[in-house]
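Below is one structure, written out as structure tokens, with a few remarks after it.
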Amino acid sequence: MASDAQPAPAKQPVTLREVAALAGVSVATASKALNGQGRMTAETRTRIRETAQRLGFRPNSLAQSLLRRRSFTVGLLTNDTYGRFSLPLMAGVSDALVDAGVSVFLCNVEDDPRLAQLHVDAMLDKRVDGIIATGKRIDRHLPVDLANLGIPAIYAFTEPDPNAIAFVSDDAGGARLAVEHFCRLGRRRIAHVSGPASFAVVHARAEAYRAVLAENGLPVMEPLLGYWSEAWGHEAVKTLFDGEGFDGTREKPDAVFCGNDQIARGVIDALRERGIGVPDEVGVIGFDNWQIVAEATRPPLTSVDMNLAALGREAGLALLSLVGGEPALPGIRKLPCRLVVRQSCGRPPDG
């Protein structure tokens, strides 16, 4: 007779983080104790080992590969002075490395080649296991050469060296999410306001905007390109609502897709000053999902999130693999964005 009993779910392996928490020590200390490294009292080392044994902890092979290098550190280089992109990315990197007992330290190189080289030399002196380079835009290289350092280097949200591994957000895919969402909401005159033409992401997002409108048989207004600022969003509304409109018909937009959240906030403020309701008359979507801006906007701003923490985590895991001796093909990996829906774009006609 067949049994109706369901198989028990597979037990998740115990992590180094759990061992450290129960033993009352840091992850790095737990890692060193279990591998006969570091300075600590005999009592601490014994407590950690007994805790690991009691929990059934088994170290993974990648962590062991890192431990043989006896560094437990990874360097993160950035020229993102304000941390707008590098801080969430660093959180993802740290999350990927913590269970291997590896710490991350951040160095801001600004746009100074001399400062960047000083930081790289310091990292090499400290025998870091690898370096992750990140920045404030994906089409500019950090002012330092990370090739032939003798340690792995991964690029995330910045232009990579040739034959390197890099992770970036799929900007075109993110723009598609925004414009397709407007189409599902029944918006038919969708404008696009973005940043400077010197940015590669501006063109990637504009191309996706045009493509989605063409696929849906909707009129295309040439994107308005300017600055990454609220002031530019405010100024763009004047052009959109005092100009010729779509196809010279003087019909005004019923939706505006913006290249970042600051532009979107400026657009919403300008529409309010004109007595135009958001989202009732005009829907607005931003890009970046900068929460301090998006959630404080009135109404709260729907925005494309680039998933920077997930991007950082993937970069961290890739670095672990390289340090562990696993081969990886060079090239750029694009990670999907997601749309965070708030109140600025409205509901579907039947919603």
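Convention: chains lettered A, B, ... in structure tokens order; per-chain residue numbering from 1; ligands numbered from 1 as shown.
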Original post:
Can you list every residue in region 57-284 of chain A that DSSP puts in strand (DSSP E or B), as a VMD selection string?
Top reply: chain A and resid 73 to 78 103 to 108 131 to 134 153 to 156 165 to 169 190 to 194 224 to 225 246 251 255 to 258 283 to 284
Write to file, as a PDB file, in the first residue's frame, the residues of the selection just made, with C-alpha atoms.
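Full text of again.pdb as output:
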ATOM      1  CA  THR A  73      39.951  40.507   3.188  1.00  0.00           C
ATOM      2  CA  VAL A  74      38.724  41.831  -0.141  1.00  0.00           C
ATOM      3  CA  GLY A  75      39.213  45.387  -1.349  1.00  0.00           C
ATOM      4  CA  LEU A  76      36.401  47.420  -2.885  1.00  0.00           C
ATOM      5  CA  LEU A  77      37.533  50.373  -5.007  1.00  0.00           C
ATOM      6  CA  THR A  78      35.106  53.114  -6.051  1.00  0.00           C
ATOM      7  CA  SER A 103      35.845  41.094   5.364  1.00  0.00           C
ATOM      8  CA  VAL A 104      35.456  43.912   2.837  1.00  0.00           C
ATOM      9  CA  PHE A 105      37.110  47.303   3.115  1.00  0.00           C
ATOM     10  CA  LEU A 106      36.112  50.232   0.951  1.00  0.00           C
ATOM     11  CA  CYS A 107      38.510  52.744  -0.613  1.00  0.00           C
ATOM     12  CA  ASN A 108      37.310  55.874  -2.401  1.00  0.00           C
ATOM     13  CA  ILE A 131      39.604  43.361  -5.602  1.00  0.00           C
ATOM     14  CA  ILE A 132      36.146  44.470  -6.717  1.00  0.00           C
ATOM     15  CA  ALA A 133      36.036  47.723  -8.692  1.00  0.00           C
ATOM     16  CA  THR A 134      32.843  49.755  -8.817  1.00  0.00           C
ATOM     17  CA  ALA A 153      39.703  41.496  -9.980  1.00  0.00           C
ATOM     18  CA  ILE A 154      35.964  41.751 -10.626  1.00  0.00           C
ATOM     19  CA  TYR A 155      34.135  44.791 -11.998  1.00  0.00           C
ATOM     20  CA  ALA A 156      30.644  45.812 -10.915  1.00  0.00           C
ATOM     21  CA  ILE A 165      34.521  39.739 -15.590  1.00  0.00           C
ATOM     22  CA  ALA A 166      31.967  42.503 -15.021  1.00  0.00           C
ATOM     23  CA  PHE A 167      28.443  42.790 -13.634  1.00  0.00           C
ATOM     24  CA  VAL A 168      26.039  45.579 -14.626  1.00  0.00           C
ATOM     25  CA  SER A 169      22.308  46.206 -14.419  1.00  0.00           C
ATOM     26  CA  ILE A 190       4.314  58.521 -22.969  1.00  0.00           C
ATOM     27  CA  ALA A 191       7.194  61.000 -22.875  1.00  0.00           C
ATOM     28  CA  HIS A 192      10.785  60.329 -21.790  1.00  0.00           C
ATOM     29  CA  VAL A 193      12.989  62.785 -19.878  1.00  0.00           C
ATOM     30  CA  SER A 194      16.550  61.694 -19.135  1.00  0.00           C
ATOM     31  CA  LEU A 224      14.379  65.148 -23.802  1.00  0.00           C
ATOM     32  CA  LEU A 225      17.992  64.921 -22.612  1.00  0.00           C
ATOM     33  CA  PHE A 246       2.869  64.541 -29.917  1.00  0.00           C
ATOM     34  CA  GLU A 251      -1.731  66.614 -27.383  1.00  0.00           C
ATOM     35  CA  ALA A 255       2.770  59.697 -18.716  1.00  0.00           C
ATOM     36  CA  VAL A 256       6.434  60.602 -18.232  1.00  0.00           C
ATOM     37  CA  PHE A 257       9.212  58.026 -17.875  1.00  0.00           C
ATOM     38  CA  CYS A 258      12.218  59.681 -16.228  1.00  0.00           C
ATOM     39  CA  GLY A 283       1.608  59.145 -14.501  1.00  0.00           C
ATOM     40  CA  VAL A 284       5.319  59.402 -13.591  1.00  0.00           C
TER      41      VAL A 284
END
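Among the candidates A:Gly174, A:Pro196, A:Glu110, A:Gly316, the residue lying nearest to Val340 (chain A) is A:Gly174 (atoms considered: only C-alpha atoms).
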Subject >> 12 Å contact set for region 208-223 of chain A, only C-alpha atoms, chain neighbours under 6 positions out, as number ranges by chain >> reply: A: 170-184, 186-197, 201-202, 236, 239-240, 243-253, 255-259
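Across A:Thr15, A:Gln53, A:Gln291, A:Asn260, the tightest approach to Ala100 (chain A) is made by A:Thr15 when counting only C-alpha atoms.
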Subject >> Who sits within 7 Å of Val267 (chain A), only C-alpha atoms, same chain under 5 positions skipped, as number ranges by chain >> reply: A: 233-234, 237
For Leu271 (chain A), work out the shell of residues within 10 Å, counting only C-alpha atoms and skipping chain neighbours fewer than 5 positions away, then give it as a short mmCIF file (atom, residue, chain, number, x, y, z; two decimals) with all heavy atoms, in the first residue's frame.
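Ended up saving to part17.cif:
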data_model
loop_
_atom_site.label_atom_id
_atom_site.label_comp_id
_atom_site.auth_asym_id
_atom_site.auth_seq_id
_atom_site.Cartn_x
_atom_site.Cartn_y
_atom_site.Cartn_z
N HIS A 234 11.97 69.77 -13.76
CA HIS A 234 11.04 70.91 -13.70
C HIS A 234 11.03 71.65 -15.04
O HIS A 234 9.97 72.00 -15.58
CB HIS A 234 11.47 71.83 -12.56
CG HIS A 234 10.41 72.79 -12.12
ND1 HIS A 234 10.09 73.93 -12.84
CD2 HIS A 234 9.59 72.78 -11.04
CE1 HIS A 234 9.14 74.57 -12.21
NE2 HIS A 234 8.81 73.91 -11.12
N VAL A 237 9.20 69.83 -18.05
CA VAL A 237 7.74 69.91 -18.08
C VAL A 237 7.28 71.11 -18.91
O VAL A 237 6.28 71.03 -19.64
CB VAL A 237 7.18 69.97 -16.64
CG1 VAL A 237 5.71 70.38 -16.64
CG2 VAL A 237 7.35 68.63 -15.95
N LYS A 238 8.01 72.20 -18.83
CA LYS A 238 7.66 73.37 -19.64
C LYS A 238 7.71 73.03 -21.12
O LYS A 238 6.81 73.39 -21.89
CB LYS A 238 8.62 74.53 -19.31
CG LYS A 238 8.35 75.79 -20.10
CD LYS A 238 9.28 76.91 -19.68
CE LYS A 238 9.09 78.16 -20.52
NZ LYS A 238 7.71 78.68 -20.45
N PHE A 241 4.74 70.55 -22.01
CA PHE A 241 3.36 71.02 -21.93
C PHE A 241 3.12 72.38 -22.59
O PHE A 241 1.97 72.78 -22.77
CB PHE A 241 2.90 71.05 -20.47
CG PHE A 241 2.64 69.66 -19.94
CD1 PHE A 241 3.68 68.88 -19.46
CD2 PHE A 241 1.37 69.12 -19.97
CE1 PHE A 241 3.46 67.59 -19.00
CE2 PHE A 241 1.13 67.83 -19.51
CZ PHE A 241 2.18 67.06 -19.03
N ARG A 265 11.17 63.59 -9.61
CA ARG A 265 10.65 64.46 -8.55
C ARG A 265 10.43 65.88 -9.06
O ARG A 265 9.44 66.54 -8.74
CB ARG A 265 11.59 64.45 -7.36
CG ARG A 265 11.05 65.20 -6.15
CD ARG A 265 11.83 64.83 -4.92
NE ARG A 265 11.36 65.54 -3.74
CZ ARG A 265 11.68 65.22 -2.50
NH1 ARG A 265 12.48 64.20 -2.27
NH2 ARG A 265 11.22 65.90 -1.48
N GLY A 266 11.37 66.37 -9.88
CA GLY A 266 11.21 67.69 -10.48
C GLY A 266 10.00 67.75 -11.40
O GLY A 266 9.27 68.75 -11.43
N ILE A 276 -1.80 70.09 -12.55
CA ILE A 276 -1.99 68.81 -13.25
C ILE A 276 -1.83 67.68 -12.25
O ILE A 276 -0.79 67.57 -11.58
CB ILE A 276 -0.98 68.66 -14.41
CG1 ILE A 276 -1.19 69.76 -15.43
CG2 ILE A 276 -1.10 67.28 -15.06
CD1 ILE A 276 -0.13 69.81 -16.52
N GLY A 277 -2.83 66.82 -12.11
CA GLY A 277 -2.82 65.78 -11.10
C GLY A 277 -1.94 64.60 -11.46
O GLY A 277 -1.94 64.13 -12.60
N VAL A 278 -1.17 64.12 -10.47
CA VAL A 278 -0.36 62.92 -10.60
C VAL A 278 -0.86 61.92 -9.55
O VAL A 278 -0.89 62.25 -8.36
CB VAL A 278 1.13 63.22 -10.35
CG1 VAL A 278 1.96 61.94 -10.38
CG2 VAL A 278 1.67 64.22 -11.38
N GLU A 281 -4.03 62.54 -13.99
CA GLU A 281 -3.91 63.07 -15.35
C GLU A 281 -2.61 62.63 -16.03
O GLU A 281 -2.58 62.36 -17.23
CB GLU A 281 -3.98 64.59 -15.33
CG GLU A 281 -5.33 65.13 -14.85
CD GLU A 281 -5.31 66.64 -14.73
OE1 GLU A 281 -5.41 67.31 -15.78
OE2 GLU A 281 -5.19 67.14 -13.59
N VAL A 282 -1.53 62.59 -15.27
CA VAL A 282 -0.22 62.20 -15.81
C VAL A 282 0.46 61.25 -14.83
O VAL A 282 0.61 61.58 -13.65
CB VAL A 282 0.69 63.44 -16.04
CG1 VAL A 282 2.06 63.00 -16.55
CG2 VAL A 282 0.04 64.40 -17.02
#
Original post:
Out of A:Arg298, A:Leu185, A:Pro143, A:Asp254, which residue has the shortest atom-to-atom distance to Ala116 (chain A) when counting only C-alpha atoms?
Top reply: A:Pro143
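From CA of Asn35 (chain A) back to CA of Gly101 (chain A), the distance works out to 10.9 Å.
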**OP:** May I have all residues of region 36-137 of chain A that DSSP, computed from the backbone, assigns to alpha helix (DSSP H), given as a count of residues only?
**Re:** 46
Original post:
Do you know which residues are at most 9 Å from Lys136 (chain A) counting only C-alpha atoms, after dropping those on the same chain fewer than 4 positions away, and could you put them as a PyMOL selection string?
Top reply: chain A and resi 78-81+83-86+140+157-158
Residues from last step as file, C-alpha atoms, as an mmCIF file, in the first residue's frame:
data_model
loop_
_atom_site.group_PDB
_atom_site.id
_atom_site.type_symbol
_atom_site.label_atom_id
_atom_site.label_comp_id
_atom_site.auth_asym_id
_atom_site.auth_seq_id
_atom_site.Cartn_x
_atom_site.Cartn_y
_atom_site.Cartn_z
ATOM 1 C CA THR A 78 35.106 53.114 -6.051
ATOM 2 C CA ASN A 79 34.961 56.674 -7.333
ATOM 3 C CA ASP A 80 31.344 57.033 -6.178
ATOM 4 C CA THR A 81 32.060 59.762 -3.618
ATOM 5 C CA GLY A 83 28.075 56.132 -2.040
ATOM 6 C CA ARG A 84 24.810 56.322 -3.968
ATOM 7 C CA PHE A 85 25.645 53.161 -5.935
ATOM 8 C CA SER A 86 28.662 51.706 -4.113
ATOM 9 C CA ARG A 140 33.802 54.998 -17.340
ATOM 10 C CA PHE A 157 28.779 48.882 -12.167
ATOM 11 C CA THR A 158 31.865 50.295 -13.889
#
Subject >> Distance criterion (only C-alpha atoms): nearest to Pro113 (chain A) out of A:His141, A:Ile151, A:Leu311, A:Leu22 >> reply: A:His141
